[in-house]
Structures are given as C-alpha cells and as structure tokens.
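Participant: Structure below; questions to follow.
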Amino acid sequence: MSRLVAVPNVSEGRDDAALDAIAGAFARHADVLVRTSDPDHNRAVFFLAGAPGELHRALAAGAVECAARIDLREHAGMHPRVGALDVAPVVYLDDEQRGAAIAEALLAADAIGAAGIPVFLYGELAGGRTRSELRAGGPEGLAARGIPPDYGPARLHPTAGATLVAARPPLIAFNLELAPPATLEDARNIAALIRSGGGEGIAGVRALGLRLERRGVIQVSTNIEDHRAVTAATVLAAVARHHPVARAELVAPAPEAALAGWPLDVELRMPAPIEALLGR
C-alpha cells in the first residue's frame, strides 16, 4: 500500500530550536517533507509521509516532544488552539486510502492518549464534530464544557492541553494578503461575507480577518474543506471583488487540482504540490 500522509499542526512558530526537535521526533517514524511556520500565528505545520502502521508512531513521538517544548500557559499567537500538538489529521488522498487513514488516525489517537495527552476526535470519526467546536474558548473553554476525551487522561495536560485527531481528505489552508491600504475591519468584513453561511458564502470555506503585526499585513485566512468543489482561485476571486489581493500563500502542500485556474498576476507562495512530493 502507498504511504499515508499526516499534517500535524504545532502551537509554536517562533522557536526554531523547538521546531527542529519536534521535526526530529516526527522523523523517527516518518519522512518530514515540508515544514512551514508563522510567528504571528505562532504555529507550524508539518507534512509527513509514512507507512501504514508506522505513521501513528511519528505523531505520538511528536506529541511527546511538543509537550516537552511548548507550554500553552505562555503561548501567545493569533491562531486558535487547544494543544501543543494542536491537530494531527491523517489525510487520505483518494477513496482507496480512506480505510487505512481511519485506522491510522485511531492508532494515533490511542498512542497519543497513552503518552498522557488527552485526544478528542473530530470530523467523520466523531459524527461530524468540528475543530471549531472543540477549540471554542481555547483549552480553558474545552475544559469548562466538560466534554470527555476519546482517548487518554480525563483532564487536559497542564501545559500541553489536548490534541485533536481526524482522518480526512486534503484541507486547503491558504492566506490572502490584502493590498494596502487595508484595515482589519476590511479583512473581517470580507471574511464574514465569503465564509460558509456568510452573505456571499462559499460552501465549505472558513475564513477569518487578521492583522499580522510582525509582518505588517492585513490578511484573510481561509480553509477550503473540499478542493474538488471549490478551488483556491474561486476564493481569490471572491475576496478580490471587495479588495485587491497583493499575494497569497499556501500553509501546507495541496493537490494540483486545488490550484487550477490560479491567475499568473497574483503571487502564490507555496510548497510543491502533494503529487510531486509523493511521486504520484
């Protein structure tokens, strides 16, 4: 069987030494193909590939290293989070991989829980429960709601919080930088319009308006849940109807189909597509 993919998100985007150590932990059981980080979000995203039956060990090893390196009580960043290893999705690239990805995600949840970090399932493993539901109010909000973890200790880890685990298709996470002059209010208004359920809502799109102080930019940060139905170019066009877009960036590798129709006159910073990374 072909290798499986995982895209763990870590609540650290400023300390390169910590990220190097976390990458080393992942690499004990998987190939670390891409790592991106952002100091304003204070978050890093890793793209791992590993064999079925082995990839979950990489996620558990990374969770242990994250717990040793990251203290959420001292964390400051713009991205919502509930854990040091915040989310650990196993990604299936086609329907043939779905069963293997579900099995690997459940193995990862069990292994991370056994390491002392409570795990909450989301997505199809949890009846459609979303990351946003679990993240509302941060670790404190999750603890206050009294939702029992699916694996691991009954209480949140005092410094590492909890980890959210899923098996899912690729999620397209990309950020659009508004051309100056732009305000935080502009970005928030656009995000509210284009997100699923908004006034011009695009189904399966989540969006936030942000100001990145360290980089001095105004950003519309988006997630596309089904790239076969909505491309990055579709979201770009929706944002550009309200404000010019200076450039965009992909947070993690995406399938080539997600980038279909991207206009040449808008800069898109991105890792190599998933197909190129995996030799597919």
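Residue numbering restarts at 1 in every chain; chains get A, B, ... in the order shown in the structure tokens, and ligands count up from 1 in that same order.
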Using only C-alpha atoms, determine which residues lie at most 7 Å from segment 49-54 of chain A, disregarding the query and same-chain residues fewer than 3 positions distant; provide the list as a list in words.
Facilitator: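 The residues satisfying every condition are Arg3, Leu4, Val5, Ala6, His29, Ala30, Asp31, Val32, Arg57, Ala100 and Glu104 of chain A.
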Participant: Determine, counting only C-alpha atoms, which protein, DNA and RNA residues have an atom within 9 Å of an atom of Ile117 of chain A; residues of the same chain fewer than 4 positions away are not included. Present the result as a list in words.
Facilitator: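 Counting only the stated atoms, we get Ala63, Val64, Ala67, Ile112, Gly113, Tyr151, Gly152, Pro153, Arg155, Leu156, His157, Ala160, Gly161, Ala162 and Thr163 of chain A.
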Participant: Kindly assemble as JSON lines a list of the segment 209-244 of chain A residues that lie within 7 Å of segment 191-199 of chain A, each paired with its nearest atom pair and their distance in Å to one decimal, using only C-alpha atoms, sorted first by chain and then by ascending residue number.
Facilitator:
```
{"residue": "A:Gly209", "atom": "CA", "partner": "A:Ala191", "partner_atom": "CA", "distance": 5.7}
{"residue": "A:Val220", "atom": "CA", "partner": "A:Ala191", "partner_atom": "CA", "distance": 6.3}
{"residue": "A:Ala238", "atom": "CA", "partner": "A:Ile194", "partner_atom": "CA", "distance": 6.7}
```
Participant: Atoms to include: C-alpha atoms. Write the selected residues as an mmCIF file, in the first residue's frame.
Facilitator:
```cif
data_model
loop_
_atom_site.group_PDB
_atom_site.id
_atom_site.type_symbol
_atom_site.label_atom_id
_atom_site.label_comp_id
_atom_site.auth_asym_id
_atom_site.auth_seq_id
_atom_site.Cartn_x
_atom_site.Cartn_y
_atom_site.Cartn_z
ATOM 1 C CA GLY A 209 -9.797 38.536 9.045
ATOM 2 C CA VAL A 220 -7.892 36.965 5.072
ATOM 3 C CA ALA A 238 -14.454 36.270 -4.056
#
```
Participant: Please report, as an MDAnalysis selection string, each residue of segment 2-227 of chain A to which DSSP assigns strand (DSSP E or B) when run on this structure's backbone.
Facilitator: chainID A and resid 4:6 9:10 31:38 43:50 83 85:91 119:121 123 129 151 157 161 163:168 172:178 205:212 217:224
Participant: Restrict the calculation to only C-alpha atoms, then for each residue of segment 182-247 of chain A with any atom at most 9 Å from an atom of segment 72-93 of chain A give the closest atom pair and their distance in Å to one decimal, rows by chain and rising residue number, as CSV.
Facilitator:
```
residue,atom,partner,partner_atom,distance
A:Leu210,CA,A:Met78,CA,8.0
A:Arg211,CA,A:Met78,CA,9.0
A:Leu212,CA,A:Met78,CA,8.3
```
Participant: To one decimal place in Å, what is the distance between atom CA of Ala103 of chain A and atom CA of Pro118 of chain A?
Facilitator: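 Atom CA of Pro118 of chain A lies 18.4 Å from atom CA of Ala103 of chain A.
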Participant: Within 12 Å of Arg241 of chain A, counting only C-alpha atoms, which residues show up once you throw out same-chain ones fewer than 5 positions away? Write them as a list in words, please.
Facilitator: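 So the residues in contact are Leu178, Ile190, Leu193, Ile194, Glu200, Thr234, Val235 and Leu236 of chain A.
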Participant: The selected residues should be written to file as a PDB file, in the first residue's frame (atoms: N, CA and C atoms).
Facilitator:
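Output contents, as saved in selection23.pdb:
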```
ATOM      1  N   LEU A 178      -4.205  41.375   1.773  1.00  0.00           N
ATOM      2  CA  LEU A 178      -4.879  42.480   1.094  1.00  0.00           C
ATOM      3  C   LEU A 178      -3.864  43.559   0.748  1.00  0.00           C
ATOM      4  N   ILE A 190     -14.769  41.078   4.833  1.00  0.00           N
ATOM      5  CA  ILE A 190     -14.654  40.185   3.678  1.00  0.00           C
ATOM      6  C   ILE A 190     -14.767  38.736   4.128  1.00  0.00           C
ATOM      7  N   LEU A 193     -18.283  37.770   4.764  1.00  0.00           N
ATOM      8  CA  LEU A 193     -19.079  37.644   3.544  1.00  0.00           C
ATOM      9  C   LEU A 193     -18.822  36.330   2.833  1.00  0.00           C
ATOM     10  N   ILE A 194     -17.553  35.915   2.742  1.00  0.00           N
ATOM     11  CA  ILE A 194     -17.228  34.777   1.865  1.00  0.00           C
ATOM     12  C   ILE A 194     -17.304  33.428   2.570  1.00  0.00           C
ATOM     13  N   GLU A 200     -22.223  36.150   1.065  1.00  0.00           N
ATOM     14  CA  GLU A 200     -21.873  35.626  -0.253  1.00  0.00           C
ATOM     15  C   GLU A 200     -21.245  34.239  -0.088  1.00  0.00           C
ATOM     16  N   THR A 234     -11.185  30.286  -6.840  1.00  0.00           N
ATOM     17  CA  THR A 234     -12.553  30.718  -6.552  1.00  0.00           C
ATOM     18  C   THR A 234     -12.583  31.641  -5.341  1.00  0.00           C
ATOM     19  N   VAL A 235     -11.847  31.262  -4.303  1.00  0.00           N
ATOM     20  CA  VAL A 235     -11.803  32.081  -3.091  1.00  0.00           C
ATOM     21  C   VAL A 235     -11.084  33.397  -3.376  1.00  0.00           C
ATOM     22  N   LEU A 236     -10.002  33.350  -4.128  1.00  0.00           N
ATOM     23  CA  LEU A 236      -9.307  34.575  -4.510  1.00  0.00           C
ATOM     24  C   LEU A 236     -10.261  35.543  -5.204  1.00  0.00           C
TER      25      LEU A 236
END
```
Participant: Measuring between only C-alpha atoms, which one of A:Ile202, A:Leu48, A:Ser37, A:Glu213 shows the shortest distance to Asp226 of chain A?
Facilitator: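 Residue with the minimum atom-to-atom distance to Asp226 of chain A: A:Ile202.
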Participant: So, with only C-alpha atoms as the atoms that count, which of A:Leu59, A:Ala272, A:Val266, A:Ala207 lies closest to Thr222 of chain A?
Facilitator: A:Ala207
Participant: Would you mind reading off the distance between atom CA of Val34 of chain A and atom CA of Met270 of chain A, one decimal, in Å?
Facilitator: 10.6 Å
Participant: Neighbours of Val45 of chain A within 7 Å (only C-alpha atoms; same-chain residues fewer than 2 positions away dropped), as a list of chain:residue names?
Facilitator: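 Listing them by chain and then by number gives A:Val7, A:Pro8, A:Asn9, A:Val10, A:Arg35, A:Thr36, A:Ser37, A:Arg43, A:Phe47, A:Ala252.
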Participant: Check segment 190-271 of chain A with DSSP on the backbone and list each residue it calls alpha helix (DSSP H), as a ChimeraX atom specification.
Facilitator: /A:190-194,232-240
Participant: Selection from above, N, CA and C atoms, as a compact mmCIF listing (two decimals), in the first residue's frame, can you write it?
Facilitator:
```
# COMPACT_ATOMS: atom_id res chain seq x y z
N ILE A 190 -14.77 41.08 4.83
CA ILE A 190 -14.65 40.18 3.68
C ILE A 190 -14.77 38.74 4.13
N ALA A 191 -14.09 38.40 5.22
CA ALA A 191 -14.16 37.02 5.72
C ALA A 191 -15.59 36.63 6.07
N ALA A 192 -16.31 37.55 6.70
CA ALA A 192 -17.70 37.26 7.07
C ALA A 192 -18.57 37.05 5.84
N LEU A 193 -18.28 37.77 4.76
CA LEU A 193 -19.08 37.64 3.54
C LEU A 193 -18.82 36.33 2.83
N ILE A 194 -17.55 35.91 2.74
CA ILE A 194 -17.23 34.78 1.86
C ILE A 194 -17.30 33.43 2.57
N ALA A 232 -8.77 27.28 -4.92
CA ALA A 232 -8.19 28.49 -4.34
C ALA A 232 -8.50 29.71 -5.20
N ALA A 233 -8.54 29.52 -6.52
CA ALA A 233 -8.85 30.64 -7.42
C ALA A 233 -10.26 31.17 -7.19
N THR A 234 -11.18 30.29 -6.84
CA THR A 234 -12.55 30.72 -6.55
C THR A 234 -12.58 31.64 -5.34
N VAL A 235 -11.85 31.26 -4.30
CA VAL A 235 -11.80 32.08 -3.09
C VAL A 235 -11.08 33.40 -3.38
N LEU A 236 -10.00 33.35 -4.13
CA LEU A 236 -9.31 34.58 -4.51
C LEU A 236 -10.26 35.54 -5.20
N ALA A 237 -11.03 35.05 -6.16
CA ALA A 237 -11.95 35.92 -6.90
C ALA A 237 -12.99 36.53 -5.97
N ALA A 238 -13.45 35.76 -5.00
CA ALA A 238 -14.45 36.27 -4.06
C ALA A 238 -13.88 37.39 -3.21
N VAL A 239 -12.64 37.22 -2.74
CA VAL A 239 -12.00 38.27 -1.94
C VAL A 239 -11.73 39.49 -2.80
N ALA A 240 -11.22 39.27 -4.01
CA ALA A 240 -10.83 40.38 -4.88
C ALA A 240 -12.01 41.23 -5.32
```
